[in-house]
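Trainee: Provided herewith: query_11.cif, mmCIF, C-alpha atoms.
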data_query
#
loop_
_atom_site.group_PDB
_atom_site.id
_atom_site.type_symbol
_atom_site.label_atom_id
_atom_site.label_comp_id
_atom_site.auth_asym_id
_atom_site.auth_seq_id
_atom_site.Cartn_x
_atom_site.Cartn_y
_atom_site.Cartn_z
ATOM 1 C CA MET A 16 0.000 0.000 0.000
ATOM 2 C CA VAL A 17 1.299 3.456 -0.871
ATOM 3 C CA HIS A 18 2.145 5.610 2.117
ATOM 4 C CA PHE A 19 2.211 9.392 1.854
ATOM 5 C CA THR A 20 4.297 11.313 4.384
ATOM 6 C CA ALA A 21 2.831 14.309 6.172
ATOM 7 C CA GLU A 22 4.891 16.602 3.930
ATOM 8 C CA GLU A 23 3.635 14.897 0.796
ATOM 9 C CA LYS A 24 0.032 15.133 1.967
ATOM 10 C CA ALA A 25 0.499 18.818 2.747
ATOM 11 C CA ALA A 26 2.083 19.459 -0.667
ATOM 12 C CA ILE A 27 -0.798 17.696 -2.379
ATOM 13 C CA THR A 28 -3.752 19.109 -0.466
ATOM 14 C CA GLY A 29 -2.225 22.581 -0.258
ATOM 15 C CA LEU A 30 -1.857 22.869 -4.003
ATOM 16 C CA TRP A 31 -5.164 21.167 -4.767
ATOM 17 C CA GLY A 32 -7.013 23.807 -2.775
ATOM 18 C CA LYS A 33 -5.878 26.400 -5.304
ATOM 19 C CA VAL A 34 -6.785 24.425 -8.428
ATOM 20 C CA ASN A 35 -9.779 25.413 -10.558
ATOM 21 C CA VAL A 36 -10.911 21.835 -11.160
ATOM 22 C CA GLU A 37 -13.276 22.661 -14.026
ATOM 23 C CA GLU A 38 -10.653 24.611 -15.962
ATOM 24 C CA ALA A 39 -7.744 22.318 -15.180
ATOM 25 C CA GLY A 40 -9.783 19.222 -15.993
ATOM 26 C CA GLY A 41 -10.664 20.493 -19.439
ATOM 27 C CA GLU A 42 -7.041 21.460 -20.046
ATOM 28 C CA ALA A 43 -5.746 18.102 -18.873
ATOM 29 C CA LEU A 44 -8.030 15.998 -21.021
ATOM 30 C CA GLY A 45 -7.555 18.374 -23.947
ATOM 31 C CA ARG A 46 -3.773 18.163 -23.773
ATOM 32 C CA LEU A 47 -3.944 14.363 -23.496
ATOM 33 C CA LEU A 48 -5.872 14.262 -26.778
ATOM 34 C CA VAL A 49 -3.546 16.789 -28.452
ATOM 35 C CA VAL A 50 -0.190 15.431 -27.289
ATOM 36 C CA TYR A 51 -1.126 11.739 -27.593
ATOM 37 C CA PRO A 52 -3.638 11.732 -30.443
ATOM 38 C CA TRP A 53 -4.157 7.970 -30.291
ATOM 39 C CA THR A 54 -6.024 8.562 -27.019
ATOM 40 C CA GLN A 55 -8.805 10.058 -29.152
ATOM 41 C CA ARG A 56 -9.849 6.468 -29.835
ATOM 42 C CA PHE A 57 -12.087 6.590 -26.769
ATOM 43 C CA PHE A 58 -13.921 9.717 -27.808
ATOM 44 C CA ASP A 59 -15.472 9.155 -31.240
ATOM 45 C CA SER A 60 -18.693 10.743 -30.044
ATOM 46 C CA PHE A 61 -17.037 14.001 -28.998
ATOM 47 C CA GLY A 62 -17.296 15.760 -32.353
ATOM 48 C CA ASN A 63 -14.561 18.030 -33.689
ATOM 49 C CA LEU A 64 -11.100 16.906 -32.546
ATOM 50 C CA SER A 65 -9.352 17.964 -35.751
ATOM 51 C CA SER A 66 -6.859 20.466 -34.313
ATOM 52 C CA ALA A 67 -5.404 21.579 -30.991
ATOM 53 C CA SER A 68 -7.715 24.596 -30.861
ATOM 54 C CA ALA A 69 -10.744 22.476 -31.782
ATOM 55 C CA ILE A 70 -9.877 20.016 -29.019
ATOM 56 C CA MET A 71 -9.107 22.595 -26.346
ATOM 57 C CA GLY A 72 -12.327 24.473 -27.139
ATOM 58 C CA ASN A 73 -14.536 21.396 -27.470
ATOM 59 C CA PRO A 74 -17.345 21.569 -24.868
ATOM 60 C CA LYS A 75 -17.566 17.783 -24.512
ATOM 61 C CA VAL A 76 -13.848 17.594 -23.832
ATOM 62 C CA LYS A 77 -14.155 20.293 -21.177
ATOM 63 C CA ALA A 78 -17.137 18.635 -19.530
ATOM 64 C CA HIS A 79 -15.540 15.227 -19.474
ATOM 65 C CA GLY A 80 -12.241 16.658 -18.292
ATOM 66 C CA LYS A 81 -14.029 18.275 -15.364
ATOM 67 C CA LYS A 82 -15.623 14.919 -14.500
ATOM 68 C CA VAL A 83 -12.290 13.117 -14.598
ATOM 69 C CA LEU A 84 -10.433 15.678 -12.518
ATOM 70 C CA THR A 85 -13.262 15.906 -9.969
ATOM 71 C CA SER A 86 -12.886 12.178 -9.518
ATOM 72 C CA PHE A 87 -9.150 12.681 -9.108
ATOM 73 C CA GLY A 88 -10.017 15.083 -6.314
ATOM 74 C CA GLU A 89 -11.740 12.210 -4.536
ATOM 75 C CA ALA A 90 -8.400 10.428 -4.489
ATOM 76 C CA ILE A 91 -6.942 13.303 -2.514
ATOM 77 C CA LYS A 92 -9.608 12.801 0.159
ATOM 78 C CA ASN A 93 -8.722 9.095 0.328
ATOM 79 C CA LEU A 94 -4.951 9.034 0.236
ATOM 80 C CA ASP A 95 -4.860 6.213 2.771
ATOM 81 C CA ASN A 96 -7.090 3.912 0.756
ATOM 82 C CA LEU A 97 -6.794 4.641 -2.940
ATOM 83 C CA LYS A 98 -7.409 1.057 -4.037
ATOM 84 C CA GLY A 99 -10.656 0.932 -2.081
ATOM 85 C CA ALA A 100 -11.740 4.369 -3.252
ATOM 86 C CA PHE A 101 -11.198 3.480 -6.933
ATOM 87 C CA ALA A 102 -12.338 -0.164 -6.925
ATOM 88 C CA LYS A 103 -15.625 0.498 -8.711
ATOM 89 C CA LEU A 104 -14.047 2.912 -11.204
ATOM 90 C CA SER A 105 -11.335 0.364 -11.882
ATOM 91 C CA GLU A 106 -13.906 -2.282 -12.787
ATOM 92 C CA LEU A 107 -15.713 0.241 -14.974
ATOM 93 C CA HIS A 108 -12.549 1.201 -16.893
ATOM 94 C CA CYS A 109 -11.733 -2.467 -17.486
ATOM 95 C CA ASP A 110 -15.101 -4.061 -18.156
ATOM 96 C CA LYS A 111 -17.092 -1.280 -19.777
ATOM 97 C CA LEU A 112 -14.660 1.354 -21.039
ATOM 98 C CA HIS A 113 -11.798 -0.992 -22.047
ATOM 99 C CA VAL A 114 -9.123 1.586 -21.344
ATOM 100 C CA ASP A 115 -5.480 0.494 -21.373
ATOM 101 C CA PRO A 116 -4.039 1.521 -17.969
ATOM 102 C CA GLU A 117 -1.104 3.103 -19.771
ATOM 103 C CA ASN A 118 -3.543 5.945 -20.470
ATOM 104 C CA PHE A 119 -3.828 6.636 -16.725
ATOM 105 C CA ARG A 120 -0.068 7.197 -16.573
ATOM 106 C CA LEU A 121 -0.161 9.485 -19.602
ATOM 107 C CA LEU A 122 -2.978 11.544 -18.074
ATOM 108 C CA GLY A 123 -1.190 11.690 -14.735
ATOM 109 C CA ASN A 124 1.872 13.209 -16.399
ATOM 110 C CA VAL A 125 -0.268 15.705 -18.274
ATOM 111 C CA ILE A 126 -1.870 16.766 -14.978
ATOM 112 C CA VAL A 127 1.599 17.327 -13.516
ATOM 113 C CA ILE A 128 2.552 19.499 -16.482
ATOM 114 C CA ILE A 129 -0.615 21.558 -16.126
ATOM 115 C CA LEU A 130 0.147 22.145 -12.456
ATOM 116 C CA ALA A 131 3.588 23.359 -13.545
ATOM 117 C CA THR A 132 2.105 25.871 -15.999
ATOM 118 C CA HIS A 133 -0.318 27.158 -13.357
ATOM 119 C CA PHE A 134 1.987 27.310 -10.371
ATOM 120 C CA GLY A 135 5.385 28.010 -11.962
ATOM 121 C CA ARG A 136 8.140 28.438 -9.377
ATOM 122 C CA GLU A 137 5.832 27.179 -6.625
ATOM 123 C CA PHE A 138 5.791 23.764 -8.287
ATOM 124 C CA THR A 139 9.199 22.775 -6.969
ATOM 125 C CA PRO A 140 10.957 19.452 -7.598
ATOM 126 C CA ASP A 141 9.806 18.198 -4.162
ATOM 127 C CA MET A 142 6.249 19.262 -4.926
ATOM 128 C CA GLN A 143 6.432 17.489 -8.278
ATOM 129 C CA ALA A 144 7.752 14.350 -6.579
ATOM 130 C CA ALA A 145 4.719 14.243 -4.267
ATOM 131 C CA TRP A 146 2.386 14.687 -7.219
ATOM 132 C CA GLN A 147 4.140 12.063 -9.327
ATOM 133 C CA LYS A 148 3.698 9.678 -6.399
ATOM 134 C CA LEU A 149 0.005 10.532 -6.276
ATOM 135 C CA THR A 150 -0.658 10.213 -10.005
ATOM 136 C CA ASN A 151 1.281 6.955 -10.022
ATOM 137 C CA ALA A 152 -0.751 5.623 -7.101
ATOM 138 C CA VAL A 153 -4.045 6.671 -8.710
ATOM 139 C CA ALA A 154 -3.030 4.985 -11.969
ATOM 140 C CA ASN A 155 -2.214 1.800 -10.072
ATOM 141 C CA ALA A 156 -5.486 1.952 -8.122
ATOM 142 C CA LEU A 157 -7.439 2.361 -11.353
ATOM 143 C CA ALA A 158 -5.623 -0.600 -12.878
ATOM 144 C CA HIS A 159 -5.949 -2.752 -9.785
ATOM 145 C CA LYS A 160 -9.201 -4.532 -10.700
ATOM 146 C CA TYR A 161 -8.195 -5.301 -14.270
ATOM 147 C CA HIS A 162 -8.424 -8.907 -15.339
ATOM 148 C CA MET B 4 8.069 9.495 -36.539
ATOM 149 C CA SER B 5 9.263 12.868 -37.775
ATOM 150 C CA LEU B 6 8.317 16.426 -36.946
ATOM 151 C CA THR B 7 6.018 18.477 -39.142
ATOM 152 C CA ARG B 8 7.200 21.864 -40.345
ATOM 153 C CA ALA B 9 4.907 23.544 -37.809
ATOM 154 C CA GLU B 10 6.333 21.460 -34.973
ATOM 155 C CA ARG B 11 9.899 22.281 -35.988
ATOM 156 C CA THR B 12 9.060 25.998 -36.040
ATOM 157 C CA ILE B 13 7.616 25.787 -32.530
ATOM 158 C CA VAL B 14 10.633 23.950 -31.134
ATOM 159 C CA VAL B 15 13.191 26.220 -32.803
ATOM 160 C CA SER B 16 11.474 29.455 -31.770
ATOM 161 C CA MET B 17 10.985 28.355 -28.170
ATOM 162 C CA TRP B 18 14.615 27.313 -28.077
ATOM 163 C CA SER B 19 15.824 30.870 -28.570
ATOM 164 C CA LYS B 20 14.081 31.765 -25.291
ATOM 165 C CA ILE B 21 15.169 28.602 -23.488
ATOM 166 C CA SER B 22 18.819 28.980 -24.435
ATOM 167 C CA THR B 23 19.078 32.271 -22.526
ATOM 168 C CA GLN B 24 18.345 30.297 -19.338
ATOM 169 C CA ALA B 25 20.002 27.066 -20.360
ATOM 170 C CA ASP B 26 21.903 26.476 -17.122
ATOM 171 C CA VAL B 27 18.889 27.084 -14.889
ATOM 172 C CA ILE B 28 16.718 24.841 -17.064
ATOM 173 C CA GLY B 29 19.335 22.086 -17.113
ATOM 174 C CA THR B 30 19.926 22.123 -13.366
ATOM 175 C CA GLU B 31 16.236 22.172 -12.540
ATOM 176 C CA THR B 32 15.496 19.332 -14.950
ATOM 177 C CA LEU B 33 18.020 17.132 -13.200
ATOM 178 C CA GLU B 34 16.764 18.173 -9.747
ATOM 179 C CA ARG B 35 13.284 17.142 -10.816
ATOM 180 C CA LEU B 36 14.593 13.881 -12.238
ATOM 181 C CA PHE B 37 16.404 12.913 -9.039
ATOM 182 C CA SER B 38 13.499 13.998 -6.809
ATOM 183 C CA CYS B 39 10.794 12.191 -8.759
ATOM 184 C CA TYR B 40 12.750 9.227 -10.073
ATOM 185 C CA PRO B 41 15.436 8.567 -7.454
ATOM 186 C CA GLN B 42 16.479 5.389 -9.268
ATOM 187 C CA ALA B 43 18.099 7.696 -11.844
ATOM 188 C CA LYS B 44 20.712 8.496 -9.225
ATOM 189 C CA THR B 45 22.146 5.011 -9.756
ATOM 190 C CA TYR B 46 23.806 6.363 -12.904
ATOM 191 C CA PHE B 47 25.736 8.940 -10.895
ATOM 192 C CA PRO B 48 27.667 6.987 -8.246
ATOM 193 C CA HIS B 49 30.538 9.420 -8.578
ATOM 194 C CA PHE B 50 28.378 12.320 -7.344
ATOM 195 C CA ASP B 51 28.184 13.137 -3.575
ATOM 196 C CA LEU B 52 24.984 12.865 -1.589
ATOM 197 C CA HIS B 53 25.238 16.047 0.427
ATOM 198 C CA SER B 54 24.057 15.557 4.006
ATOM 199 C CA GLY B 55 21.089 17.773 4.792
ATOM 200 C CA SER B 56 19.861 17.815 1.199
ATOM 201 C CA ALA B 57 16.187 17.286 0.542
ATOM 202 C CA GLN B 58 16.996 14.206 -1.504
ATOM 203 C CA LEU B 59 18.997 12.692 1.318
ATOM 204 C CA ARG B 60 16.238 13.297 3.860
ATOM 205 C CA ALA B 61 13.691 11.723 1.579
ATOM 206 C CA HIS B 62 15.770 8.807 0.344
ATOM 207 C CA GLY B 63 18.220 8.117 3.142
ATOM 208 C CA SER B 64 18.477 4.417 2.342
ATOM 209 C CA LYS B 65 20.098 5.173 -0.990
ATOM 210 C CA THR B 66 23.211 6.755 0.497
ATOM 211 C CA TYR B 67 25.620 4.155 -0.731
ATOM 212 C CA PHE B 68 27.209 6.325 -3.395
ATOM 213 C CA PRO B 69 29.763 8.781 -2.080
ATOM 214 C CA HIS B 70 30.815 11.036 -4.877
ATOM 215 C CA PHE B 71 28.130 13.099 -6.603
ATOM 216 C CA ASP B 72 26.752 16.078 -4.670
ATOM 217 C CA LEU B 73 23.094 15.921 -5.574
ATOM 218 C CA HIS B 74 21.856 18.742 -3.393
ATOM 219 C CA SER B 75 20.132 21.446 -5.340
ATOM 220 C CA GLY B 76 22.491 23.969 -6.851
ATOM 221 C CA SER B 77 25.650 21.865 -6.605
ATOM 222 C CA ALA B 78 28.344 22.653 -9.142
ATOM 223 C CA GLN B 79 28.345 19.079 -10.462
ATOM 224 C CA LEU B 80 24.594 19.188 -11.005
ATOM 225 C CA ARG B 81 24.829 22.530 -12.783
ATOM 226 C CA ALA B 82 27.673 21.357 -15.021
ATOM 227 C CA HIS B 83 25.863 18.196 -15.977
ATOM 228 C CA GLY B 84 22.571 20.009 -16.489
ATOM 229 C CA SER B 85 24.334 22.407 -18.863
ATOM 230 C CA LYS B 86 25.751 19.487 -20.807
ATOM 231 C CA VAL B 87 22.341 17.900 -21.221
ATOM 232 C CA VAL B 88 20.696 21.148 -22.333
ATOM 233 C CA ALA B 89 23.561 21.890 -24.733
ATOM 234 C CA ALA B 90 22.984 18.511 -26.366
ATOM 235 C CA VAL B 91 19.291 19.270 -26.727
ATOM 236 C CA GLY B 92 20.352 22.569 -28.292
ATOM 237 C CA ASP B 93 22.546 20.712 -30.791
ATOM 238 C CA ALA B 94 19.535 18.619 -31.739
ATOM 239 C CA VAL B 95 17.421 21.766 -32.180
ATOM 240 C CA LYS B 96 20.066 23.406 -34.383
ATOM 241 C CA SER B 97 20.084 20.305 -36.598
ATOM 242 C CA ILE B 98 16.407 19.586 -36.284
ATOM 243 C CA ASP B 99 16.281 18.309 -39.854
ATOM 244 C CA ASN B 100 18.882 15.672 -39.080
ATOM 245 C CA VAL B 101 19.016 14.929 -35.372
ATOM 246 C CA ALA B 102 20.526 11.470 -35.910
ATOM 247 C CA SER B 103 23.573 12.965 -37.540
ATOM 248 C CA ALA B 104 23.988 15.730 -34.949
ATOM 249 C CA LEU B 105 23.800 13.301 -32.020
ATOM 250 C CA SER B 106 25.626 10.385 -33.591
ATOM 251 C CA LYS B 107 28.584 10.485 -31.179
ATOM 252 C CA LEU B 108 26.289 10.923 -28.186
ATOM 253 C CA SER B 109 24.233 7.994 -29.418
ATOM 254 C CA GLU B 110 27.340 5.797 -29.450
ATOM 255 C CA LEU B 111 28.326 7.019 -25.999
ATOM 256 C CA HIS B 112 24.961 6.011 -24.574
ATOM 257 C CA ALA B 113 24.958 2.643 -26.341
ATOM 258 C CA TYR B 114 28.465 1.470 -25.555
ATOM 259 C CA VAL B 115 29.587 3.363 -22.492
ATOM 260 C CA LEU B 116 26.734 4.857 -20.447
ATOM 261 C CA ARG B 117 24.103 2.221 -21.244
ATOM 262 C CA VAL B 118 21.357 4.131 -19.451
ATOM 263 C CA ASP B 119 18.199 2.029 -19.497
ATOM 264 C CA PRO B 120 15.839 3.465 -22.137
ATOM 265 C CA VAL B 121 13.046 4.029 -19.610
ATOM 266 C CA ASN B 122 15.064 6.889 -18.141
ATOM 267 C CA PHE B 123 14.844 8.932 -21.327
ATOM 268 C CA LYS B 124 11.089 9.138 -20.756
ATOM 269 C CA PHE B 125 11.657 10.306 -17.173
ATOM 270 C CA LEU B 126 14.210 12.931 -18.186
ATOM 271 C CA SER B 127 12.069 14.156 -21.092
ATOM 272 C CA HIS B 128 9.068 14.496 -18.795
ATOM 273 C CA CYS B 129 11.105 16.469 -16.253
ATOM 274 C CA LEU B 130 12.372 18.793 -18.982
ATOM 275 C CA LEU B 131 8.778 19.361 -20.132
ATOM 276 C CA VAL B 132 7.715 20.142 -16.550
ATOM 277 C CA THR B 133 10.621 22.596 -16.237
ATOM 278 C CA LEU B 134 9.680 24.311 -19.505
ATOM 279 C CA ALA B 135 6.015 24.444 -18.450
ATOM 280 C CA SER B 136 6.993 26.007 -15.136
ATOM 281 C CA HIS B 137 9.324 28.644 -16.647
ATOM 282 C CA PHE B 138 7.416 29.479 -19.826
ATOM 283 C CA PRO B 139 3.720 28.883 -19.065
ATOM 284 C CA ALA B 140 2.463 31.308 -21.702
ATOM 285 C CA ASP B 141 4.598 29.738 -24.446
ATOM 286 C CA PHE B 142 3.923 26.172 -23.382
ATOM 287 C CA THR B 143 0.555 25.861 -25.129
ATOM 288 C CA ALA B 144 -1.030 22.506 -26.007
ATOM 289 C CA ASP B 145 0.595 22.700 -29.464
ATOM 290 C CA ALA B 146 3.991 23.518 -27.967
ATOM 291 C CA HIS B 147 3.601 20.704 -25.416
ATOM 292 C CA ALA B 148 2.856 18.280 -28.245
ATOM 293 C CA ALA B 149 5.760 19.487 -30.384
ATOM 294 C CA TRP B 150 8.251 19.280 -27.525
ATOM 295 C CA ASP B 151 7.031 15.894 -26.333
ATOM 296 C CA LYS B 152 7.439 14.584 -29.876
ATOM 297 C CA PHE B 153 10.837 16.231 -30.340
ATOM 298 C CA LEU B 154 12.231 14.813 -27.088
ATOM 299 C CA SER B 155 10.819 11.425 -27.997
ATOM 300 C CA LEU B 156 12.710 11.668 -31.281
ATOM 301 C CA VAL B 157 15.921 12.686 -29.485
ATOM 302 C CA SER B 158 15.498 9.759 -27.069
ATOM 303 C CA GLY B 159 15.035 7.433 -30.018
ATOM 304 C CA VAL B 160 18.270 8.647 -31.592
ATOM 305 C CA LEU B 161 20.167 8.194 -28.331
ATOM 306 C CA THR B 162 18.963 4.609 -27.931
ATOM 307 C CA GLU B 163 19.042 3.491 -31.565
ATOM 308 C CA LYS B 164 22.452 1.797 -31.302
ATOM 309 C CA TYR B 165 21.682 -0.096 -28.097
ATOM 310 C CA ARG B 166 21.294 -3.407 -29.896
#
Please, can you express the file's structure as structure tokens?
Mentor:
Amino acid sequence: MVHFTAEEKAAITGLWGKVNVEEAGGEALGRLLVVYPWTQRFFDSFGNLSSASAIMGNPKVKAHGKKVLTSFGEAIKNLDNLKGAFAKLSELHCDKLHVDPENFRLLGNVIVIILATHFGREFTPDMQAAWQKLTNAVANALAHKYH
Amino acid sequence: MSLTRAERTIVVSMWSKISTQADVIGTETLERLFSCYPQAKTYFPHFDLHSGSAQLRAHGSKTYFPHFDLHSGSAQLRAHGSKVVAAVGDAVKSIDNVASALSKLSELHAYVLRVDPVNFKFLSHCLLVTLASHFPADFTADAHAAWDKFLSLVSGVLTEKYR
């Protein structure tokens, strides 16, 4: 089980409190689809994904990004039991959505980059390390029920 | 995989800004690498682990390498960071033929350094995070994509002689 130190928890929750989840979520999902275009395979019903500006401005992308990042926020409230917190979502991503867990790692890294653009100098190497640990742990929790 | 003309333009134009802060960017990239992926330190046994450093406090069990001073700002870290960024700069200047520009470096990595390929992804990611943190306005989704692709290409060149 992943253990977060008090410093790591503080780094995570402290920064999260300042994040505009709706905006950041849309950006995160948008960048995933722009930087790794093969991830668009899951979003045929989303309409126009033909360019970076189309993707970043796409209302379905923004809405879904907000949903995803809100769920990520739940992880932060359950740092001591991520596997339990994401058990149902893990089953969903495997059985219904058929998402390769590699995508969770890609999204996690995109989230880290977005935090860097928003927080600049405040997003220190130590801060990044705590967040990499979190995104890694969330990715593992989401992959945990795969079979 | 090769870069489109638009992607090359993005990388080259951002580079002119980046190169004015090359040392800072290089040092910070390595600091991020060693903080987030401490296993990367195994390639630097000749660097000192400075007592009192953040890395040492966090990863005390890994203090079996005496030489490289990995605390933030150390001269060794700065020198090595500069080297890495200079190499990226060489790739940018020869963006139409990265393989040729980095041929010697590719051989060095294949026959001497033999850094496991997974680490190129870690280093590339840390460089992207550093760029995002220093140049948020320039680091748009398009720029992010172009740089991710460019660094992936550079990593490919550096590992292409491994076997």
Trainee: Return as a PyMOL selection string the set of residues that the PyMOL selection byres ((chain B) within 6 of (chain A)) yields on the displayed structure.
Mentor: chain B and resi 35+38-39+132+135-136+139+144+148
Trainee: Report as a list in words the residues that result from applying the PyMOL selection byres ((chain A and resi 27) around 9) to the structure here.
Mentor: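 Checked against the file, the PyMOL selection byres ((chain A and resi 27) around 9) matches Glu22, Glu23, Lys24, Ala25, Ala26, Thr28, Gly29, Leu30, Trp31, Gly32, Ile91, Met142, Ala145, Trp146 and Leu149 of chain A.
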Trainee: Which of these, B:Leu134, B:Ala94, B:Val118, B:Leu80, has the shortest distance to Phe37 of chain B once you count only C-alpha atoms?
Mentor: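 Nearest candidate to Phe37 of chain B out of B:Leu134, B:Ala94, B:Val118, B:Leu80: B:Leu80.
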Trainee: Between B:Leu126, B:Ala90, B:Ala43, B:Leu131, which one has atoms that come closest to Ala104 of chain B, using only C-alpha atoms?
Mentor: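 Looking only at the distances to Ala104 of chain B, the closest residue turns out to be B:Ala90.
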Trainee: To one decimal place in Å, what is the distance between atom CA of His128 of chain B and atom CA of Ser85 of chain B?
Mentor: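 Interatomic distance here is 17.2 Å.
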Trainee: Once the PyMOL selection byres ((chain A and resi 75) around 10) is applied to the coordinates I shared, what remains selected? I want it as a PyMOL selection string.
Mentor: chain A and resi 41+58+60-63+70-74+76-81
Trainee: Keeping C-alpha atoms, export the residues of the selection given above as a JSON list (two decimals), in the frame of the given file.
Mentor:
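File selection-v8.json, as written:
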[["chain", "number", "residue", "atom", "x", "y", "z"],
["A", 41, "GLY", "CA", -10.66, 20.49, -19.44],
["A", 58, "PHE", "CA", -13.92, 9.72, -27.81],
["A", 60, "SER", "CA", -18.69, 10.74, -30.04],
["A", 61, "PHE", "CA", -17.04, 14.00, -29.00],
["A", 62, "GLY", "CA", -17.30, 15.76, -32.35],
["A", 63, "ASN", "CA", -14.56, 18.03, -33.69],
["A", 70, "ILE", "CA", -9.88, 20.02, -29.02],
["A", 71, "MET", "CA", -9.11, 22.60, -26.35],
["A", 72, "GLY", "CA", -12.33, 24.47, -27.14],
["A", 73, "ASN", "CA", -14.54, 21.40, -27.47],
["A", 74, "PRO", "CA", -17.34, 21.57, -24.87],
["A", 76, "VAL", "CA", -13.85, 17.59, -23.83],
["A", 77, "LYS", "CA", -14.16, 20.29, -21.18],
["A", 78, "ALA", "CA", -17.14, 18.64, -19.53],
["A", 79, "HIS", "CA", -15.54, 15.23, -19.47],
["A", 80, "GLY", "CA", -12.24, 16.66, -18.29],
["A", 81, "LYS", "CA", -14.03, 18.27, -15.36]]
Trainee: Quick one, how far is atom CA of Gln42 of chain B from atom CA of Leu105 of chain B?
Mentor: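 According to the coordinates, atom CA of Gln42 of chain B and atom CA of Leu105 of chain B are separated by 25.2 Å.
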Trainee: Within 12 Å of (-3.9, 4.6, -17.7) (file coordinates; all atoms listed in the file), which protein or nucleic acid residues are there? I'd like them as a PyMOL selection string.
Mentor: chain A and resi 47+54+105+108-109+112-125+150-159+161
Trainee: Measure the distance from atom CA of Phe153 of chain B to atom CA of Asp59 of chain A in Å and round it to one decimal.
Mentor: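 Atom-to-atom, atom CA of Phe153 of chain B to atom CA of Asp59 of chain A, that is 27.3 Å.
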Trainee: Counting all atoms listed in the file, which residue out of B:Leu130, B:Ala113, B:Ser19, B:Lys164 sits closest to Trp150 of chain B?
Mentor: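 The answer is B:Leu130, which sits nearest to Trp150 of chain B.
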Trainee: Show me, as AutoDock Vina command-line options, the centre and edge lengths in Å to one decimal of the axis-aligned box that covers every listed atom of segment 96-104 of chain B with 3 Å on each side.
Mentor:
--center_x 20.1 --center_y 17.4 --center_z -37.1 --size_x 13.7 --size_y 17.9 --size_z 11.5
